[in-house]
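Q: Quick one, final.cif (mmCIF, C-alpha atoms and all ligand atoms):
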data_my_file
loop_
_atom_site.label_atom_id
_atom_site.label_comp_id
_atom_site.auth_asym_id
_atom_site.auth_seq_id
_atom_site.Cartn_x
_atom_site.Cartn_y
_atom_site.Cartn_z
CA MET Q 70 -141.78 132.97 -31.61
CA TYR Q 71 -140.57 132.76 -35.20
CA SER Q 72 -140.08 136.51 -35.49
CA ASN Q 73 -138.28 136.52 -32.15
CA LYS Q 74 -135.79 133.97 -33.43
CA ALA Q 75 -135.31 135.89 -36.66
CA PHE Q 76 -134.67 139.03 -34.63
CA THR Q 77 -132.09 137.27 -32.46
CA PHE Q 78 -130.37 135.93 -35.56
CA LEU Q 79 -130.32 139.32 -37.20
CA PHE Q 80 -128.96 140.88 -34.01
CA PHE Q 81 -126.19 138.25 -33.92
CA VAL Q 82 -125.25 138.91 -37.56
CA ILE Q 83 -125.09 142.66 -36.94
CA CYS Q 84 -122.89 142.19 -33.86
CA LEU Q 85 -120.58 139.84 -35.70
CA SER Q 86 -120.19 142.17 -38.64
CA PHE Q 87 -119.37 145.06 -36.28
CA GLN Q 88 -116.77 142.91 -34.62
CA ILE Q 89 -115.28 141.85 -37.94
CA SER Q 90 -115.20 145.38 -39.24
CA SER Q 91 -113.59 146.76 -36.08
CA GLN Q 92 -111.04 143.93 -36.21
CA THR Q 93 -110.36 144.84 -39.86
CA ASN Q 94 -109.89 148.47 -38.82
CA ILE Q 95 -107.40 147.52 -36.11
CA ASN Q 96 -105.50 145.32 -38.54
CA GLN Q 97 -105.40 148.12 -41.10
CA GLU Q 98 -104.19 150.61 -38.51
CA ALA Q 99 -101.54 148.17 -37.30
CA GLN Q 100 -100.36 147.58 -40.86
CA SER Q 101 -100.15 151.25 -41.70
CA LEU Q 102 -98.18 152.04 -38.51
CA ARG Q 103 -95.87 149.14 -39.35
CA GLU Q 104 -95.30 150.60 -42.80
CA ILE Q 105 -94.40 153.98 -41.30
CA LEU Q 106 -91.84 152.48 -38.91
CA MET Q 107 -90.47 149.68 -41.01
CA PRO Q 108 -88.15 151.30 -43.56
CA TYR Q 109 -85.77 152.38 -40.80
CA PHE Q 110 -86.11 149.38 -38.55
CA VAL Q 111 -84.37 146.05 -38.04
CA PRO Q 112 -86.13 144.10 -35.27
CA VAL Q 113 -83.95 143.18 -32.29
CA GLU Q 114 -83.76 139.47 -31.57
CA GLN Q 115 -81.45 137.28 -29.54
CA ASP Q 116 -78.59 136.12 -31.76
CA ASN Q 117 -77.85 132.61 -30.51
CA GLN Q 118 -75.22 132.03 -33.17
CA TYR Q 119 -73.25 135.04 -31.91
CA LEU Q 120 -73.63 133.98 -28.28
CA ASN Q 121 -72.39 130.44 -29.06
CA ASP Q 122 -69.48 131.51 -31.21
CA ASN Q 123 -68.15 133.98 -28.65
CA GLN Q 124 -68.75 132.21 -25.35
CA LYS Q 125 -65.25 132.57 -23.94
CA LYS Q 126 -64.82 136.25 -24.73
CA ILE Q 127 -68.31 136.94 -23.43
CA ASP Q 128 -67.60 135.13 -20.19
CA LEU Q 129 -64.38 137.07 -19.69
CA GLY Q 130 -66.15 140.33 -20.57
CA ARG Q 131 -68.81 139.57 -17.95
CA HIS Q 132 -66.12 139.19 -15.25
CA LEU Q 133 -64.49 142.45 -16.29
CA TYR Q 134 -67.81 144.29 -16.37
CA PHE Q 135 -68.39 143.57 -12.67
CA ASP Q 136 -64.78 144.02 -11.59
CA LYS Q 137 -63.77 147.11 -9.61
CA ARG Q 138 -60.12 146.52 -10.46
CA LEU Q 139 -60.86 148.21 -13.77
CA SER Q 140 -61.30 151.61 -12.13
CA LEU Q 141 -58.33 153.68 -11.06
CA ASN Q 142 -59.01 153.40 -7.31
CA SER Q 143 -60.66 149.97 -7.50
CA THR Q 144 -63.82 151.51 -6.08
CA ILE Q 145 -66.32 151.18 -8.94
CA SER Q 146 -67.12 148.77 -11.75
CA CYS Q 147 -69.02 149.41 -14.98
CA ASN Q 148 -72.02 147.94 -13.17
CA SER Q 149 -71.93 150.63 -10.45
CA CYS Q 150 -73.29 153.15 -12.95
CA HIS Q 151 -74.65 150.95 -15.76
CA ASP Q 152 -76.46 148.58 -13.39
CA LEU Q 153 -77.60 145.64 -15.48
CA LYS Q 154 -80.47 144.87 -13.13
CA LYS Q 155 -81.68 148.46 -13.42
CA ASN Q 156 -81.97 148.58 -17.18
CA GLY Q 157 -78.31 149.37 -17.61
CA THR Q 158 -78.33 152.71 -15.84
CA ASN Q 159 -78.61 153.89 -12.26
CA GLY Q 160 -80.85 156.91 -11.77
CA ALA Q 161 -80.59 156.87 -7.97
CA PHE Q 162 -76.77 156.72 -7.97
CA PHE Q 163 -76.69 159.50 -10.55
CA LEU Q 164 -78.99 161.80 -8.59
CA LYS Q 165 -76.93 161.29 -5.43
CA GLU Q 166 -73.72 162.06 -7.29
CA LYS Q 167 -75.37 165.11 -8.82
CA GLU Q 168 -76.33 166.31 -5.36
CA ASP Q 169 -72.73 165.89 -4.22
CA GLY Q 170 -71.58 167.80 -7.28
CA ASN Q 171 -69.59 164.80 -8.53
CA THR Q 172 -71.03 164.22 -11.92
CA PHE Q 173 -71.23 165.47 -15.40
CA ARG Q 174 -73.95 163.85 -17.53
CA ASP Q 175 -76.77 161.42 -16.88
CA THR Q 176 -75.69 157.78 -17.32
CA PRO Q 177 -77.17 156.29 -20.48
CA THR Q 178 -78.26 152.66 -20.59
CA ILE Q 179 -75.74 150.02 -21.67
CA TYR Q 180 -78.46 147.84 -23.26
CA ASN Q 181 -78.78 147.81 -27.05
CA VAL Q 182 -75.75 150.03 -27.60
CA ALA Q 183 -74.01 147.75 -30.11
CA THR Q 184 -76.13 149.03 -33.01
CA LEU Q 185 -75.86 152.75 -32.26
CA SER Q 186 -74.00 154.87 -34.79
CA MET Q 187 -72.85 157.40 -32.21
CA PHE Q 188 -72.11 157.43 -28.51
CA ASN Q 189 -72.36 159.79 -25.54
CA ALA Q 190 -74.82 162.61 -25.08
CA ASP Q 191 -72.93 164.70 -27.63
CA GLY Q 192 -72.50 161.89 -30.17
CA GLY Q 193 -68.79 162.65 -30.30
CA ILE Q 194 -67.64 159.02 -30.61
CA THR Q 195 -68.68 156.88 -33.55
CA SER Q 196 -67.57 153.33 -32.74
CA LEU Q 197 -68.35 151.10 -29.79
CA LYS Q 198 -64.73 150.06 -29.47
CA GLU Q 199 -63.57 153.67 -29.24
CA LYS Q 200 -66.32 154.38 -26.73
CA LEU Q 201 -65.21 151.50 -24.51
CA ARG Q 202 -61.62 152.74 -24.57
CA HIS Q 203 -63.03 156.14 -23.64
CA SER Q 204 -65.16 154.65 -20.80
CA LEU Q 205 -62.00 153.25 -19.23
CA ILE Q 206 -60.00 156.46 -19.38
CA ASN Q 207 -62.82 159.01 -18.99
CA PRO Q 208 -62.48 160.83 -15.63
CA TYR Q 209 -66.29 160.65 -15.35
CA GLU Q 210 -66.34 156.88 -15.82
CA MET Q 211 -63.47 154.53 -14.83
CA ASN Q 212 -60.79 157.24 -14.74
CA VAL Q 213 -57.86 154.97 -15.66
CA ASN Q 214 -54.97 157.31 -16.38
CA ASP Q 215 -52.44 154.53 -16.87
CA GLU Q 216 -53.30 151.46 -18.96
CA HIS Q 217 -50.33 149.51 -17.55
CA ILE Q 218 -51.61 149.67 -13.99
CA ILE Q 219 -54.82 147.89 -14.96
CA VAL Q 220 -53.03 145.28 -17.07
CA GLN Q 221 -50.64 144.60 -14.21
CA ARG Q 222 -53.46 144.29 -11.71
CA LEU Q 223 -55.16 141.67 -13.84
CA GLU Q 224 -51.90 139.81 -14.44
CA ASP Q 225 -51.65 139.30 -10.69
CA VAL Q 226 -54.94 137.38 -10.68
CA SER Q 227 -54.42 133.75 -11.64
CA THR Q 228 -58.03 133.20 -12.80
CA TYR Q 229 -57.65 136.08 -15.26
CA ASN Q 230 -54.53 134.51 -16.73
CA THR Q 231 -56.59 131.42 -17.51
CA LEU Q 232 -59.64 133.31 -18.77
CA PHE Q 233 -57.64 135.63 -21.06
CA ARG Q 234 -55.55 132.77 -22.46
CA SER Q 235 -58.64 130.79 -23.31
CA ALA Q 236 -60.46 133.80 -24.83
CA PHE Q 237 -57.41 134.96 -26.83
CA PRO Q 238 -55.43 131.79 -27.62
CA LYS Q 239 -53.59 133.48 -30.51
CA SER Q 240 -52.39 136.59 -28.67
CA ASP Q 241 -48.72 136.66 -27.67
CA LYS Q 242 -49.69 138.60 -24.62
CA ALA Q 243 -53.26 137.65 -23.77
CA ILE Q 244 -53.78 140.24 -21.01
CA SER Q 245 -53.58 143.58 -22.78
CA PHE Q 246 -55.60 146.80 -22.79
CA ASP Q 247 -56.90 146.01 -26.30
CA ASN Q 248 -58.06 142.56 -25.25
CA ILE Q 249 -59.80 143.99 -22.16
CA ILE Q 250 -61.73 146.24 -24.52
CA GLU Q 251 -62.48 143.43 -26.94
CA ALA Q 252 -63.84 141.16 -24.20
CA LEU Q 253 -65.99 143.96 -22.78
CA GLN Q 254 -67.30 144.61 -26.26
CA ALA Q 255 -68.14 140.91 -26.78
CA PHE Q 256 -70.18 140.88 -23.57
CA ILE Q 257 -71.91 144.21 -24.26
CA LYS Q 258 -72.95 143.11 -27.76
CA GLY Q 259 -75.09 140.42 -26.13
CA LEU Q 260 -76.97 142.95 -23.99
CA GLU Q 261 -80.08 143.19 -26.12
CA THR Q 262 -83.68 143.47 -25.04
CA PRO Q 263 -86.18 142.30 -27.68
CA ALA Q 264 -89.47 144.11 -27.01
CA PRO Q 265 -93.14 144.05 -28.09
CA ILE Q 266 -92.31 146.61 -30.81
CA ASP Q 267 -89.99 144.04 -32.45
CA LEU Q 268 -92.71 141.38 -32.52
CA PHE Q 269 -95.05 143.99 -33.95
CA ILE Q 270 -92.67 144.96 -36.74
CA LYS Q 271 -92.19 141.28 -37.54
CA GLY Q 272 -95.93 141.05 -38.23
CA ASN Q 273 -97.67 140.25 -34.94
CA ASN Q 274 -100.60 142.69 -34.70
CA ASN Q 275 -101.45 141.54 -31.20
CA ALA Q 276 -98.05 142.59 -29.83
CA LEU Q 277 -99.43 146.15 -29.44
CA SER Q 278 -102.81 147.14 -28.03
CA LYS Q 279 -105.17 149.47 -29.89
CA GLU Q 280 -104.16 152.34 -27.57
CA GLU Q 281 -100.46 151.68 -28.08
CA ILE Q 282 -100.95 151.76 -31.84
CA GLU Q 283 -102.78 155.07 -31.47
CA GLY Q 284 -99.82 156.37 -29.42
CA GLY Q 285 -97.52 155.29 -32.25
CA TYR Q 286 -99.53 157.37 -34.70
CA ILE Q 287 -99.30 160.42 -32.48
CA PHE Q 288 -95.53 159.85 -32.07
CA ASN Q 289 -95.24 159.91 -35.84
CA SER Q 290 -97.68 162.78 -36.42
CA LYS Q 291 -95.68 165.07 -34.08
CA SER Q 292 -92.56 164.30 -36.14
CA CYS Q 293 -90.84 162.58 -33.24
CA TYR Q 294 -89.88 159.77 -35.61
CA SER Q 295 -88.05 162.13 -37.93
CA CYS Q 296 -85.33 162.48 -35.29
CA HIS Q 297 -85.94 159.38 -33.12
CA THR Q 298 -85.67 156.97 -36.00
CA GLY Q 299 -84.24 153.49 -36.69
CA SER Q 300 -84.27 150.33 -34.59
CA ASN Q 301 -83.22 152.25 -31.49
CA PHE Q 302 -85.56 155.21 -32.05
CA GLY Q 303 -82.53 157.50 -31.95
CA GLY Q 304 -78.76 157.25 -31.66
CA GLN Q 305 -78.15 158.08 -35.31
CA MET Q 306 -77.67 161.84 -35.52
CA ILE Q 307 -77.01 164.98 -33.55
CA GLN Q 308 -79.58 167.76 -33.50
CA LYS Q 309 -79.91 171.08 -31.80
CA LEU Q 310 -81.59 170.87 -28.41
CA GLY Q 311 -83.83 173.92 -28.39
CA ILE Q 312 -84.69 174.40 -32.06
CA ASN Q 313 -87.95 176.21 -31.34
CA GLU Q 314 -87.42 177.41 -27.83
CA ASP Q 315 -84.06 177.65 -26.04
CA TRP Q 316 -83.15 174.82 -23.71
CA PRO Q 317 -82.92 176.52 -20.30
CA ASN Q 318 -79.76 174.79 -19.07
CA LYS Q 319 -76.72 175.80 -21.10
CA ASN Q 320 -73.97 174.58 -18.79
CA ASP Q 321 -73.21 171.77 -21.20
CA LEU Q 322 -72.98 172.87 -24.83
CA GLY Q 323 -73.00 169.35 -26.28
CA TYR Q 324 -71.11 168.69 -29.51
CA TYR Q 325 -69.48 172.12 -29.28
CA ARG Q 326 -67.24 170.66 -26.55
CA ILE Q 327 -65.69 168.52 -29.27
CA LYS Q 328 -65.81 170.72 -32.36
CA LYS Q 329 -65.43 174.30 -31.26
CA ILE Q 330 -67.61 175.73 -34.00
CA SER Q 331 -70.33 177.99 -32.63
CA ALA Q 332 -72.99 176.53 -34.94
CA TYR Q 333 -72.67 173.31 -32.88
CA LYS Q 334 -73.62 174.92 -29.58
CA MET Q 335 -76.36 172.86 -27.87
CA PHE Q 336 -76.17 170.03 -30.43
CA PHE Q 337 -76.80 166.69 -28.74
CA ARG Q 338 -77.25 163.16 -29.93
CA VAL Q 339 -80.90 162.30 -30.50
CA ALA Q 340 -81.28 159.95 -27.52
CA PRO Q 341 -82.12 156.32 -28.32
CA LEU Q 342 -85.47 155.40 -26.75
CA ARG Q 343 -85.39 151.63 -26.13
CA ASN Q 344 -86.42 150.95 -22.50
CA VAL Q 345 -86.87 154.71 -22.06
CA GLU Q 346 -89.87 154.19 -19.79
CA LYS Q 347 -87.53 152.56 -17.27
CA THR Q 348 -84.48 154.80 -17.52
CA ALA Q 349 -85.49 158.04 -15.78
CA PRO Q 350 -84.24 160.70 -15.31
CA TYR Q 351 -84.24 162.11 -18.85
CA PHE Q 352 -81.99 164.29 -21.01
CA HIS Q 353 -78.23 164.81 -20.70
CA ASP Q 354 -78.84 167.06 -17.71
CA ALA Q 355 -81.43 164.80 -16.06
CA SER Q 356 -83.87 167.70 -16.07
CA ALA Q 357 -87.06 165.62 -16.35
CA SER Q 358 -88.01 162.74 -14.11
CA GLN Q 359 -91.31 161.74 -15.70
CA LEU Q 360 -91.55 160.43 -19.22
CA TRP Q 361 -94.78 162.18 -20.21
CA TYR Q 362 -93.22 165.45 -19.10
CA ALA Q 363 -90.06 164.77 -21.14
CA VAL Q 364 -92.37 164.25 -24.13
CA LYS Q 365 -94.02 167.62 -23.47
CA LEU Q 366 -90.61 169.32 -23.31
CA MET Q 367 -89.64 167.74 -26.63
CA GLY Q 368 -92.81 169.10 -28.23
CA ARG Q 369 -92.08 172.58 -26.93
CA HIS Q 370 -88.31 172.80 -27.56
CA GLU Q 371 -87.89 170.67 -30.69
CA ARG Q 372 -91.19 171.15 -32.50
CA GLY Q 373 -92.75 174.39 -31.22
CA LEU Q 374 -95.84 172.41 -30.17
CA GLU Q 375 -97.72 172.37 -26.88
CA ILE Q 376 -98.55 168.69 -26.43
CA ASN Q 377 -101.28 168.27 -23.82
CA LYS Q 378 -100.89 165.77 -21.00
CA GLU Q 379 -103.42 163.36 -22.48
CA GLU Q 380 -101.51 163.12 -25.76
CA ALA Q 381 -98.17 162.97 -23.97
CA LEU Q 382 -99.46 160.00 -21.98
CA LYS Q 383 -100.54 158.29 -25.19
CA ILE Q 384 -97.06 158.74 -26.62
CA GLN Q 385 -95.66 157.41 -23.35
CA LEU Q 386 -97.86 154.34 -23.76
CA PHE Q 387 -96.40 153.74 -27.21
CA LEU Q 388 -92.88 154.23 -25.84
CA SER Q 389 -93.58 151.55 -23.22
CA THR Q 390 -93.69 149.01 -26.08
CA LEU Q 391 -89.95 149.59 -26.55
CA SER Q 392 -89.28 148.06 -23.12
CA GLY Q 393 -87.84 144.58 -23.43
CA GLU Q 394 -86.92 141.60 -21.32
CA ILE Q 395 -83.72 141.86 -19.32
CA PRO Q 396 -81.71 138.68 -20.06
CA LYS Q 397 -81.53 137.43 -16.43
CA ASP Q 398 -79.10 134.54 -16.87
CA TYR Q 399 -76.80 136.47 -19.17
CA ILE Q 400 -76.32 139.28 -16.63
CA LYS Q 401 -75.67 137.14 -13.56
CA GLU Q 402 -72.65 138.42 -11.69
CA PRO Q 403 -69.90 135.75 -11.70
CA LYS Q 404 -70.05 134.11 -8.29
CA TYR Q 405 -66.55 133.05 -7.47
CA LEU Q 406 -64.02 135.55 -6.22
CA LEU Q 407 -61.16 136.22 -8.56
CA ASN Q 408 -57.77 136.02 -6.93
C1 LIG Q 501 -69.24 156.75 -12.68
C2 LIG Q 501 -70.26 156.24 -13.58
C3 LIG Q 501 -69.84 155.41 -14.78
C4 LIG Q 501 -69.05 154.28 -14.80
C5 LIG Q 501 -68.36 153.61 -13.64
C6 LIG Q 501 -69.03 153.82 -16.18
N1 LIG Q 501 -69.79 154.65 -16.96
FE1 LIG Q 501 -70.19 154.40 -18.92
N2 LIG Q 501 -71.12 156.18 -18.95
C7 LIG Q 501 -71.29 157.02 -17.87
C8 LIG Q 501 -71.75 158.32 -18.33
C9 LIG Q 501 -72.05 159.52 -17.47
C10 LIG Q 501 -71.84 158.23 -19.74
C11 LIG Q 501 -72.27 159.34 -20.70
C12 LIG Q 501 -71.04 160.16 -21.04
C13 LIG Q 501 -71.33 161.28 -21.99
O1 LIG Q 501 -72.46 161.44 -22.45
O2 LIG Q 501 -70.40 162.03 -22.31
C14 LIG Q 501 -71.47 156.86 -20.08
C15 LIG Q 501 -71.49 156.36 -21.38
C16 LIG Q 501 -71.22 155.04 -21.69
C17 LIG Q 501 -71.48 154.41 -22.97
C18 LIG Q 501 -72.14 155.08 -24.16
C19 LIG Q 501 -73.61 154.76 -24.20
C20 LIG Q 501 -74.36 155.61 -25.18
O3 LIG Q 501 -75.57 155.46 -25.30
O4 LIG Q 501 -73.74 156.46 -25.81
C21 LIG Q 501 -71.02 153.13 -22.91
C22 LIG Q 501 -71.07 152.09 -24.01
C23 LIG Q 501 -70.47 152.95 -21.59
N3 LIG Q 501 -70.61 154.12 -20.87
C24 LIG Q 501 -69.85 151.80 -21.15
C25 LIG Q 501 -69.19 151.70 -19.91
C26 LIG Q 501 -68.35 150.59 -19.54
C27 LIG Q 501 -68.08 149.35 -20.38
C28 LIG Q 501 -67.87 150.87 -18.29
C29 LIG Q 501 -66.85 150.07 -17.50
C30 LIG Q 501 -65.59 149.85 -18.18
C31 LIG Q 501 -68.46 152.15 -17.88
N4 LIG Q 501 -69.23 152.64 -18.91
C32 LIG Q 501 -68.31 152.73 -16.63
C33 LIG Q 501 -71.08 156.70 -16.56
C34 LIG Q 501 -70.29 155.63 -16.14
C1 LIG Q 502 -85.20 167.82 -33.89
C2 LIG Q 502 -84.97 166.50 -33.39
C3 LIG Q 502 -85.89 165.96 -32.32
C4 LIG Q 502 -87.26 165.86 -32.37
C5 LIG Q 502 -88.21 166.32 -33.46
C6 LIG Q 502 -87.65 165.18 -31.15
N1 LIG Q 502 -86.57 164.90 -30.38
FE1 LIG Q 502 -86.56 163.88 -28.61
N2 LIG Q 502 -84.58 164.24 -28.41
C7 LIG Q 502 -83.79 164.94 -29.30
C8 LIG Q 502 -82.47 165.13 -28.74
C9 LIG Q 502 -81.32 165.86 -29.40
C10 LIG Q 502 -82.50 164.51 -27.47
C11 LIG Q 502 -81.35 164.44 -26.46
C12 LIG Q 502 -81.39 165.61 -25.55
C13 LIG Q 502 -80.45 165.49 -24.37
O1 LIG Q 502 -79.67 164.56 -24.28
O2 LIG Q 502 -80.52 166.39 -23.51
C14 LIG Q 502 -83.84 163.98 -27.30
C15 LIG Q 502 -84.27 163.33 -26.14
C16 LIG Q 502 -85.53 162.77 -25.98
C17 LIG Q 502 -85.97 162.04 -24.80
C18 LIG Q 502 -85.13 161.76 -23.57
C19 LIG Q 502 -84.51 160.40 -23.63
C20 LIG Q 502 -83.56 160.10 -22.52
O3 LIG Q 502 -83.30 158.91 -22.28
O4 LIG Q 502 -83.03 161.02 -21.89
C21 LIG Q 502 -87.27 161.66 -25.02
C22 LIG Q 502 -88.16 160.85 -24.10
C23 LIG Q 502 -87.65 162.17 -26.33
N3 LIG Q 502 -86.56 162.84 -26.87
C24 LIG Q 502 -88.88 162.01 -26.90
C25 LIG Q 502 -89.31 162.71 -28.03
C26 LIG Q 502 -90.68 162.77 -28.48
C27 LIG Q 502 -91.83 162.02 -27.86
C28 LIG Q 502 -90.70 163.60 -29.55
C29 LIG Q 502 -91.90 164.08 -30.35
C30 LIG Q 502 -92.80 164.93 -29.58
C31 LIG Q 502 -89.34 164.05 -29.80
N4 LIG Q 502 -88.53 163.50 -28.82
C32 LIG Q 502 -88.96 164.87 -30.83
C33 LIG Q 502 -84.16 165.37 -30.57
C34 LIG Q 502 -85.47 165.39 -31.04
#
Once you've parsed the file, please lay out its structure as structure tokens.
A:
Amino acid sequence: MYSNKAFTFLFFVICLSFQISSQTNINQEAQSLREILMPYFVPVEQDNQYLNDNQKKIDLGRHLYFDKRLSLNSTISCNSCHDLKKNGTNGAFFLKEKEDGNTFRDTPTIYNVATLSMFNADGGITSLKEKLRHSLINPYEMNVNDEHIIVQRLEDVSTYNTLFRSAFPKSDKAISFDNIIEALQAFIKGLETPAPIDLFIKGNNNALSKEEIEGGYIFNSKSCYSCHTGSNFGGQMIQKLGINEDWPNKNDLGYYRIKKISAYKMFFRVAPLRNVEKTAPYFHDASASQLWYAVKLMGRHERGLEINKEEALKIQLFLSTLSGEIPKDYIKEPKYLLN
């Protein structure tokens, strides 16, 4: 009896010490992954101060974002392509347009763009304000070829007169192209999606599972993080697409479109990866529809590595920790009709 009890006790102690040591291992692994990621990373969190201080501009920006009057033919709004309920993009719309031969590049997400250092697939624009001006006039986006038409259209809407005057009390002429851009920018800055990775970086080891941490190590060991770096895991530099093996589709030459220097052929912006799991299809030419497969292509073309499916899926699991909450109330389409 006595020896039985002693045995049970010993067994319990052994189990406990295994558990403690495996917990210590997980904590050590979590900490070392955090140290790898941290130097380039500012966690995303909701900035209530910003949201409070800019309520009126944000509210106006939200109306504009959903308003088709901002496109040349009044047929599409920003939300038609950057659908806020669909993670700020619209894969289905894009693929249909592609089929009809109407489009140019895959639509990137509109979430978390405020902290990017460069915009568009070729990285050719370096400020959000400039990009928003470009979105309005770009033939592939809102296609506004005459700023005055849009301003006039909005001036004819009495609710807009009120909204603009209250958002820009100091402007002599509250409804202007610049103020349209500023209000859109105020709204877009609030489109952030804090994710498990942010909690993890802030010190919460339980925000990522053991498998997700392992995926993070593989992501780093394949040098993905050398290009996909910073809080957005990308969006900071342009790099050649096809360093180790040519990218098959050369219809779009990337940054070369902007700077006609042949060394820039096939240079594209390193895509930011927040919410990437939910924003298929992938790449500027939408040539991959599954994330694990996009990871495999990256290994082959950027690193000269054949990443097997098992490892690609582990990286995909890590990338899923960059998916955040969509701010449901913030993105509600304004209900009342503007006229
Ligand atoms: C017809 C579809 C379409 C519409 C409508 C549209 N966009 Fe875009 N948007 C795109 C495409 C495609 C790109 C990528 C262009 C490129 O890479 O050259 C883009 C890029 C962007 C980017 C850059 C994101 C990044 O990661 O670089 C922002 C910001 C943006 N659009 C905002 C807007 C806003 C604001 C509106 C409304 C005023 C708008 N877009 C309307 C398709 C659209
Ligand atoms: C040499 C720099 C570089 C390296 C290394 C690199 N990438 Fe990329 N990555 C890019 C560029 C550039 C793009 C944008 C290509 C485009 O738009 O067609 C991209 C795009 C992506 C995309 C598509 C995102 C989207 O929304 O379309 C994914 C996913 C991705 N990379 C994952 C990875 C992974 C995982 C690794 C490591 C195996 C990796 N990348 C290594 C430069 C790099």
Q: Quick one: pull the distance between atom O4 of ligand LIG 501 (chain Q) and CA of Met187 in chain Q, Å, one decimal.
A: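 Spanning atom O4 of ligand LIG 501 (chain Q) to CA of Met187 in chain Q is a straight-line distance of 6.5 Å.
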Q: CA of Ile384 in chain Q to CA of Gly285 in chain Q: how many Å, to one decimal?
A: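 Calculated distance between CA of Ile384 in chain Q and CA of Gly285 in chain Q is 6.6 Å.
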Q: Using only C-alpha atoms and all ligand atoms, find each residue of chain Q with at least one atom at most 6 Å away from an atom of ligand LIG 502 (chain Q); report its shortest atom-to-atom pair and that distance in Å (one decimal), sort the rows by chain and rising residue number, and return the result as JSON lines.
A:
{"residue": "Q:Ala190", "atom": "CA", "partner": "Q:LIG502", "partner_atom": "O1", "distance": 5.3}
{"residue": "Q:Phe288", "atom": "CA", "partner": "Q:LIG502", "partner_atom": "C29", "distance": 5.8}
{"residue": "Q:Lys291", "atom": "CA", "partner": "Q:LIG502", "partner_atom": "C30", "distance": 5.3}
{"residue": "Q:Ser292", "atom": "CA", "partner": "Q:LIG502", "partner_atom": "C5", "distance": 5.5}
{"residue": "Q:Cys293", "atom": "CA", "partner": "Q:LIG502", "partner_atom": "C29", "distance": 3.4}
{"residue": "Q:Cys296", "atom": "CA", "partner": "Q:LIG502", "partner_atom": "C2", "distance": 4.5}
{"residue": "Q:Gln308", "atom": "CA", "partner": "Q:LIG502", "partner_atom": "C9", "distance": 4.8}
{"residue": "Q:Lys309", "atom": "CA", "partner": "Q:LIG502", "partner_atom": "C9", "distance": 5.9}
{"residue": "Q:Leu310", "atom": "CA", "partner": "Q:LIG502", "partner_atom": "C9", "distance": 5.1}
{"residue": "Q:Phe337", "atom": "CA", "partner": "Q:LIG502", "partner_atom": "C9", "distance": 4.6}
{"residue": "Q:Arg338", "atom": "CA", "partner": "Q:LIG502", "partner_atom": "C9", "distance": 4.9}
{"residue": "Q:Val339", "atom": "CA", "partner": "Q:LIG502", "partner_atom": "C8", "distance": 3.7}
{"residue": "Q:Ala340", "atom": "CA", "partner": "Q:LIG502", "partner_atom": "C11", "distance": 4.6}
{"residue": "Q:Leu342", "atom": "CA", "partner": "Q:LIG502", "partner_atom": "C19", "distance": 6.0}
{"residue": "Q:Val345", "atom": "CA", "partner": "Q:LIG502", "partner_atom": "O3", "distance": 5.5}
{"residue": "Q:Tyr351", "atom": "CA", "partner": "Q:LIG502", "partner_atom": "O4", "distance": 3.4}
{"residue": "Q:Phe352", "atom": "CA", "partner": "Q:LIG502", "partner_atom": "O4", "distance": 3.5}
{"residue": "Q:His353", "atom": "CA", "partner": "Q:LIG502", "partner_atom": "O1", "distance": 3.9}
{"residue": "Q:Leu360", "atom": "CA", "partner": "Q:LIG502", "partner_atom": "C22", "distance": 6.0}
{"residue": "Q:Ala363", "atom": "CA", "partner": "Q:LIG502", "partner_atom": "C22", "distance": 5.3}
{"residue": "Q:Val364", "atom": "CA", "partner": "Q:LIG502", "partner_atom": "C27", "distance": 4.4}
{"residue": "Q:Met367", "atom": "CA", "partner": "Q:LIG502", "partner_atom": "C31", "distance": 4.9}
{"residue": "Q:Gly368", "atom": "CA", "partner": "Q:LIG502", "partner_atom": "C30", "distance": 4.4}
{"residue": "Q:Glu371", "atom": "CA", "partner": "Q:LIG502", "partner_atom": "C1", "distance": 5.1}
{"residue": "Q:Arg372", "atom": "CA", "partner": "Q:LIG502", "partner_atom": "C5", "distance": 5.8}
Q: Which residue out of Q:Gln124, Q:Ser300, Q:Ser295, Q:Thr93 has the minimum interatomic distance to Phe110 in chain Q when all atoms listed in the file are used?
A: Q:Ser300
Q: Name the residues, by chain letter and number, that sit within 7 Å of ligand LIG 501 (chain Q) using only C-alpha atoms and all ligand atoms, and give them as a PyMOL selection string.
A: chain Q and resi 134+139+145-151+173-179+182+187-191+197+200-201+204-205+209-211+253+353
Q: Grab the CA of Ile287 in chain Q to CA of Leu102 in chain Q distance for me, in Å with one decimal place.
A: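 CA of Leu102 in chain Q lies at a distance of 10.4 Å from CA of Ile287 in chain Q.
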Q: Calculated over only C-alpha atoms, which of the candidates Q:Pro265, Q:Pro341, Q:Gly259, Q:Pro208 has the smallest distance to Arg131 in chain Q?
A: Q:Gly259
Q: Hey, which of Q:Arg138, Q:Lys347, Q:Asn123, Q:Phe162 ends up closest to Glu224 in chain Q? Count all atoms listed in the file.
A: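 Of Q:Arg138, Q:Lys347, Q:Asn123, Q:Phe162, the one nearest Glu224 in chain Q is Q:Arg138, counting all atoms listed in the file.
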Q: Could you tell me which of Q:Gly299, Q:Ile244, Q:Gln305, Q:Gln359 comes closest to Val226 in chain Q if we count all atoms listed in the file?
A: Q:Ile244
Q: Under the rule that all atoms listed in the file are counted, which of Q:Thr262, Q:Asn156, Q:Gly193, Q:Ile206 is the nearest residue to Gly393 in chain Q?
A: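 Among the listed residues, the smallest separation from Gly393 in chain Q belongs to Q:Thr262.
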